[in-house]
Amino acid sequence: MSEADTRPGPLNGLLVADFSRVLAGPYCTMLLADLGADVIKVESPAGDDTRGWVPPSRDGVATYYLAINRNKRSVVLDLKDTADRAAAAELARRADIMVQNFKPGGLARYALDYDSVRAANPGVIYASITGFGTTGGAHLPGYDLMAQAVSGLMSLTGEADGPPQRAGISVIDVMTGLHTAIAILAALHHRGATGEGQHVESTLLGSALSGMVNQTSAYVAGGVVPFRMGNSHPSLTPYEPLPTADGELIVTAGNDRQFRRLCEVIGAAYLADDPRFATTGARTANRQELRPLLAGLMVARPSAEWFGLLIAAGVPCGPINTVEGGVEFARDVGLRPVATAGTGPDTVPTIRHPVDFSATPPRYPLPPPALDQHGDQIRAWLGGPPGPPPWHAPAGRDGTADSTPQEGTSP
């Protein structure tokens with residue numbers, strides 16, 4: 001699909017008032033913006049914290065901020081200022097969706113909490129993101145690393161004889177952003193059927209416990225407390241890196257058929273018939289005996305050679321890449337991982353939206369905005385008569401719209 005495709009996205013015509021900052025909220029709203037929603041990013045005079053999270057940077061702007069803020073317009077509103085607070089309230093009144101991740105109760109002082117916004121805008125979908133909820137955990141700051149620690153995720157990450165480790169990314173923030181986007185879309189569907197808006201609430205801790213899937217299930221359904229196993233899997237063997245002549249290769253034989261094919265390729269078909277290794281459960285129970293047998297055979301060839309042979313035989317495996325290698329691998333398999341946000345001289349390379357749509361593809365008309373880049377235009381619109389924003393083209397009689405950025409609005 002061409003990046004210049006001008007067909008409107010599936011969320012075209014929806015206005016999102018984005019009062020969130022840092023990662024979970026902005027990631028959620030960027031996904032909505034990619035799909036055509038009109039996202040107005042409300043920032044304090046200091047701006048989103050991630051603008052200053054460097055290194056690395058691109059043209060003086062933190063790449064962290066650039067990663068999660070394309071396709072948005074920025075306006076600075078100081079909620080301690082009477083006029084700016086009125087503008088914020090008007091934006092919330094006009095919005096289809098409001099997303100915020102203030103501390104629990106933090107927006108009530110500005111009459112921007114759910115009850116206040118709903119009173120003026122009954123159909124609003126109001127999404128709140130907190131770290132640990134609004135009751136017993138309301139006083140706890142909502143940071144990804146805290147959630148990784150208290151949820152148990154860190155206890156699962158790292159070598160068995162080493163200390164707990166954080167994941168290499170803020171994985172819980174990302175999961176929470178995804179969960180919040182799903183909740184918003186579900187609430188929009190409900191509103192379409194009933195006309196009713198609603199309040200959806202997500203938490204870092206709730207997303208972490210849900211996202212740990214089999215590990216949290218091991219405890220709540222099986223009474224087992226999982227523990228760190230390095231790169232091994234608690235229920236599958238082999239499902240880990242194995243040494244080769246020039247490094248390591250991930251090998252994931254997820255069932256008995258795949259294990260047999262692995263054994264055939266490495267010249268050890270007899271292992272698949274050994275009672276100790278013939279079934280998934282047996283292999284897992286006898287992993288300490290199996291691993292050195294596989295490793296002793298895998299070191300005979302380099303990783304790239306094994307990769308070609310095993311993939312051809314239907315055995316899932318893959319190289320352990322750097323991030324650079326991961327992006328290039330995606331290119332090699334045809335995924336086109338990089339999308340250019342914006343037009344003209346002020347474009348920014350970003351990672352493409354992860355989902356393809358046959359009829360309503362994601363688009364990237366706006367690069368991540370500078371602080372208050374669209375402030376004058378947004379404040380003028382909010383101070384004027386009701387109606388769609390001036391940069392938004394109204395839908396035609398057939399329900400379609402020209403969602404190409406209007407002249408002067410694209411940075």
# chains A, B, ... in the order shown; residues from 1 in each chain; ligands from 1
call {"tool": "residues_around", "arguments": {"residues": "Leu156 (chain A)", "least_positions_apart": "6", "cutoff": "9 Å", "atoms": "only C-alpha atoms", "output": "CSV table (one decimal) with C-alpha atoms, in the first residue's frame"}}
result
chain,number,residue,atom,x,y,z
A,164,PRO,CA,15.6,-10.3,38.5
A,165,GLN,CA,15.8,-8.1,35.3
A,215,GLN,CA,2.7,-17.5,33.9
A,226,PRO,CA,6.8,-19.5,38.2
A,227,PHE,CA,10.5,-18.6,38.4
A,228,ARG,CA,13.3,-17.4,36.3
A,229,MET,CA,14.6,-19.9,33.7
A,230,GLY,CA,16.8,-17.7,31.6
call {"tool": "residues_around", "arguments": {"residues": "Arg276 (chain A)", "least_positions_apart": "2", "cutoff": "9 Å", "atoms": "only C-alpha atoms", "output": "compact mmCIF listing (two decimals) with N, CA and C atoms, in the first residue's frame"}}
result
# COMPACT_ATOMS: atom_id res chain seq x y z
N LEU A 271 16.75 -39.56 18.52
CA LEU A 271 16.31 -38.84 19.73
C LEU A 271 14.80 -38.70 19.78
N ALA A 272 14.15 -38.61 18.62
CA ALA A 272 12.70 -38.45 18.61
C ALA A 272 11.99 -39.71 19.05
N ASP A 273 12.67 -40.85 19.01
CA ASP A 273 12.08 -42.12 19.45
C ASP A 273 12.47 -42.48 20.87
N ASP A 274 13.38 -41.73 21.45
CA ASP A 274 13.80 -41.98 22.83
C ASP A 274 12.65 -41.64 23.77
N ALA A 278 10.29 -38.19 23.58
CA ALA A 278 9.32 -38.45 22.52
C ALA A 278 8.11 -37.52 22.58
N THR A 279 7.80 -36.96 23.74
CA THR A 279 6.63 -36.08 23.88
C THR A 279 7.05 -34.75 24.51
N ALA A 282 7.66 -35.08 28.23
CA ALA A 282 8.88 -35.83 28.53
C ALA A 282 10.12 -34.99 28.26
N ARG A 283 10.12 -34.26 27.16
CA ARG A 283 11.27 -33.41 26.85
C ARG A 283 11.46 -32.34 27.91
N ALA A 285 10.50 -32.48 31.05
CA ALA A 285 10.96 -33.12 32.29
C ALA A 285 12.43 -33.51 32.22
N ASN A 286 12.91 -33.77 31.02
CA ASN A 286 14.29 -34.24 30.85
C ASN A 286 15.15 -33.23 30.09
N GLU A 289 18.98 -33.35 30.28
CA GLU A 289 19.65 -34.39 29.50
C GLU A 289 19.61 -34.09 28.01
N LEU A 290 18.51 -33.46 27.55
CA LEU A 290 18.35 -33.24 26.12
C LEU A 290 19.21 -32.10 25.59
call {"tool": "select_by_dssp", "arguments": {"residues": "region 21-192 of chain A", "states": "alpha helix (DSSP H)", "output": "VMD selection string"}}
result
chain A and resid 24 to 34 63 to 67 82 to 94 114 to 120 144 to 151 171 to 192
call {"tool": "select_by_dssp", "arguments": {"residues": "region 237-376 of chain A", "states": "strand (DSSP E or B)", "output": "list in words"}}
result
Tyr239, Glu240, Pro241, Leu242, Pro243, Thr244, Gly247, Glu248, Leu249, Ile250, Val251, Thr252, Cys317, Gly318, Pro319, Val338, Ala339, Thr340, Ala341, Val348, Pro349, Thr350 and Ile351 of chain A
call {"tool": "closest_atom_pairs", "arguments": {"of": "region 139-239 of chain A", "to": "region 12-24 of chain A", "cutoff": "12 Å", "atoms": "only C-alpha atoms", "output": "JSON lines"}}
result
{"residue": "A:Gly142", "atom": "CA", "partner": "A:Ala24", "partner_atom": "CA", "distance": 10.2}
{"residue": "A:Tyr143", "atom": "CA", "partner": "A:Leu23", "partner_atom": "CA", "distance": 9.8}
{"residue": "A:Asp144", "atom": "CA", "partner": "A:Ala24", "partner_atom": "CA", "distance": 9.1}
{"residue": "A:Ile169", "atom": "CA", "partner": "A:Leu23", "partner_atom": "CA", "distance": 11.1}
{"residue": "A:Ser170", "atom": "CA", "partner": "A:Leu23", "partner_atom": "CA", "distance": 8.4}
{"residue": "A:Val171", "atom": "CA", "partner": "A:Ala24", "partner_atom": "CA", "distance": 9.6}
{"residue": "A:Ile172", "atom": "CA", "partner": "A:Ala24", "partner_atom": "CA", "distance": 8.2}
{"residue": "A:Asp173", "atom": "CA", "partner": "A:Ala24", "partner_atom": "CA", "distance": 4.6}
{"residue": "A:Val174", "atom": "CA", "partner": "A:Ala24", "partner_atom": "CA", "distance": 5.7}
{"residue": "A:Met175", "atom": "CA", "partner": "A:Ala24", "partner_atom": "CA", "distance": 7.8}
{"residue": "A:Thr176", "atom": "CA", "partner": "A:Ala24", "partner_atom": "CA", "distance": 5.9}
{"residue": "A:Gly177", "atom": "CA", "partner": "A:Ala24", "partner_atom": "CA", "distance": 4.4}
{"residue": "A:Leu178", "atom": "CA", "partner": "A:Ala24", "partner_atom": "CA", "distance": 8.1}
{"residue": "A:His179", "atom": "CA", "partner": "A:Ala24", "partner_atom": "CA", "distance": 9.6}
{"residue": "A:Thr180", "atom": "CA", "partner": "A:Ala24", "partner_atom": "CA", "distance": 8.5}
{"residue": "A:Ala181", "atom": "CA", "partner": "A:Ala24", "partner_atom": "CA", "distance": 10.0}
{"residue": "A:Ile184", "atom": "CA", "partner": "A:Val16", "partner_atom": "CA", "distance": 10.7}
{"residue": "A:Leu185", "atom": "CA", "partner": "A:Leu14", "partner_atom": "CA", "distance": 11.3}
{"residue": "A:Leu188", "atom": "CA", "partner": "A:Leu14", "partner_atom": "CA", "distance": 10.0}
{"residue": "A:Ser202", "atom": "CA", "partner": "A:Ala24", "partner_atom": "CA", "distance": 10.1}
{"residue": "A:Thr203", "atom": "CA", "partner": "A:Ala24", "partner_atom": "CA", "distance": 9.8}
{"residue": "A:Leu204", "atom": "CA", "partner": "A:Ala24", "partner_atom": "CA", "distance": 8.7}
{"residue": "A:Ser207", "atom": "CA", "partner": "A:Ala24", "partner_atom": "CA", "distance": 10.9}
call {"tool": "residues_around", "arguments": {"residues": "Arg85 (chain A)", "least_positions_apart": "3", "cutoff": "12 Å", "atoms": "only C-alpha atoms", "output": "list in words"}}
result
Val42, Ser44, Val76, Leu77, Asp78, Leu79, Lys80, Asp81, Thr82, Ala88, Ala89, Glu90, Leu91, Ala92, Leu107, Arg109, Tyr110, Ala111, Leu112, Arg379 and Leu382 of chain A
call {"tool": "write_last_selection", "arguments": {"atoms": "C-alpha atoms", "output": "PDB file, in the first residue's frame"}}
result
ATOM      1  CA  VAL A  42      -2.676  18.724  25.015  1.00  0.00           C
ATOM      2  CA  SER A  44       1.677  21.619  29.672  1.00  0.00           C
ATOM      3  CA  VAL A  76      -0.145  23.994  25.037  1.00  0.00           C
ATOM      4  CA  LEU A  77      -2.831  24.549  27.660  1.00  0.00           C
ATOM      5  CA  ASP A  78      -1.813  25.518  31.171  1.00  0.00           C
ATOM      6  CA  LEU A  79      -4.615  24.098  33.291  1.00  0.00           C
ATOM      7  CA  LYS A  80      -3.765  26.536  36.070  1.00  0.00           C
ATOM      8  CA  ASP A  81      -4.680  29.401  33.727  1.00  0.00           C
ATOM      9  CA  THR A  82      -8.370  30.309  33.574  1.00  0.00           C
ATOM     10  CA  ALA A  88      -9.433  22.459  27.667  1.00  0.00           C
ATOM     11  CA  ALA A  89     -13.020  22.059  28.867  1.00  0.00           C
ATOM     12  CA  GLU A  90     -14.314  23.082  25.438  1.00  0.00           C
ATOM     13  CA  LEU A  91     -12.020  20.574  23.748  1.00  0.00           C
ATOM     14  CA  ALA A  92     -13.311  17.840  26.061  1.00  0.00           C
ATOM     15  CA  LEU A 107      -8.140  16.295  36.791  1.00  0.00           C
ATOM     16  CA  ARG A 109      -9.515  20.101  40.404  1.00  0.00           C
ATOM     17  CA  TYR A 110      -9.816  21.409  36.849  1.00  0.00           C
ATOM     18  CA  ALA A 111     -13.329  20.017  36.253  1.00  0.00           C
ATOM     19  CA  LEU A 112     -11.905  17.651  33.632  1.00  0.00           C
ATOM     20  CA  ARG A 379      -7.249  27.794  20.323  1.00  0.00           C
ATOM     21  CA  LEU A 382     -12.076  26.259  20.371  1.00  0.00           C
TER      22      LEU A 382
END
call {"tool": "closest_residue", "arguments": {"among": "A:Ala341, A:Ala304, A:His139, A:Gly52", "to": "Arg70 (chain A)", "atoms": "only C-alpha atoms"}}
result
A:Ala341
call {"tool": "closest_residue", "arguments": {"among": "A:Ala268, A:Ile351, A:Ile378, A:Met212", "to": "Asn69 (chain A)", "atoms": "only C-alpha atoms"}}
result
A:Ile351
call {"tool": "closest_residue", "arguments": {"among": "A:Ala127, A:Gln198, A:Leu249, A:Ala87", "to": "Trp381 (chain A)", "atoms": "only C-alpha atoms"}}
result
A:Ala87
call {"tool": "closest_residue", "arguments": {"among": "A:Val338, A:Met154, A:Leu236, A:Val39", "to": "His392 (chain A)", "atoms": "only C-alpha atoms"}}
result
A:Val39
call {"tool": "residues_around", "arguments": {"residues": "Pro104 (chain A)", "least_positions_apart": "2", "cutoff": "12 Å", "atoms": "only C-alpha atoms", "output": "PyMOL selection string"}}
result
chain A and resi 100-102+106-109+112-114+128-142+201-203
call {"tool": "write_last_selection", "arguments": {"atoms": "C-alpha atoms", "output": "PDB file, in the first residue's frame"}}
result
ATOM      1  CA  GLN A 100      -5.797  10.906  30.189  1.00  0.00           C
ATOM      2  CA  ASN A 101      -3.215   9.421  32.538  1.00  0.00           C
ATOM      3  CA  PHE A 102      -3.094  11.972  35.342  1.00  0.00           C
ATOM      4  CA  GLY A 106      -5.770  14.833  39.383  1.00  0.00           C
ATOM      5  CA  LEU A 107      -8.140  16.295  36.791  1.00  0.00           C
ATOM      6  CA  ALA A 108     -11.032  16.830  39.204  1.00  0.00           C
ATOM      7  CA  ARG A 109      -9.515  20.101  40.404  1.00  0.00           C
ATOM      8  CA  LEU A 112     -11.905  17.651  33.632  1.00  0.00           C
ATOM      9  CA  ASP A 113     -12.693  14.401  35.437  1.00  0.00           C
ATOM     10  CA  TYR A 114     -15.157  11.967  33.874  1.00  0.00           C
ATOM     11  CA  SER A 128      -8.301   6.754  32.121  1.00  0.00           C
ATOM     12  CA  ILE A 129      -4.919   5.067  32.482  1.00  0.00           C
ATOM     13  CA  THR A 130      -3.427   4.623  35.942  1.00  0.00           C
ATOM     14  CA  GLY A 131      -0.653   2.564  37.391  1.00  0.00           C
ATOM     15  CA  PHE A 132      -2.540   0.657  40.054  1.00  0.00           C
ATOM     16  CA  GLY A 133      -6.174   1.758  39.999  1.00  0.00           C
ATOM     17  CA  THR A 134      -8.187   4.357  41.850  1.00  0.00           C
ATOM     18  CA  THR A 135      -8.750   2.620  45.184  1.00  0.00           C
ATOM     19  CA  GLY A 136      -6.003   1.034  47.298  1.00  0.00           C
ATOM     20  CA  GLY A 137      -3.309   1.702  44.718  1.00  0.00           C
ATOM     21  CA  ALA A 138      -4.316   5.257  43.867  1.00  0.00           C
ATOM     22  CA  HIS A 139      -1.347   6.748  45.712  1.00  0.00           C
ATOM     23  CA  LEU A 140       1.242   4.696  43.805  1.00  0.00           C
ATOM     24  CA  PRO A 141       3.052   6.368  40.868  1.00  0.00           C
ATOM     25  CA  GLY A 142       2.415   4.653  37.558  1.00  0.00           C
ATOM     26  CA  GLU A 201     -10.239   2.443  32.917  1.00  0.00           C
ATOM     27  CA  SER A 202      -7.004   0.532  32.411  1.00  0.00           C
ATOM     28  CA  THR A 203      -4.054  -0.031  34.719  1.00  0.00           C
TER      29      THR A 203
END
call {"tool": "residues_around", "arguments": {"residues": "Val348 (chain A)", "least_positions_apart": "6", "cutoff": "9 Å", "atoms": "only C-alpha atoms", "output": "count of residues only"}}
result
9
call {"tool": "closest_residue", "arguments": {"among": "A:Val75, A:Val225, A:Ala312, A:Val150", "to": "Leu209 (chain A)", "atoms": "only C-alpha atoms"}}
result
A:Val150
call {"tool": "closest_residue", "arguments": {"among": "A:Asn321, A:Thr244, A:Asn214, A:Gln258", "to": "Leu297 (chain A)", "atoms": "only C-alpha atoms"}}
result
A:Thr244
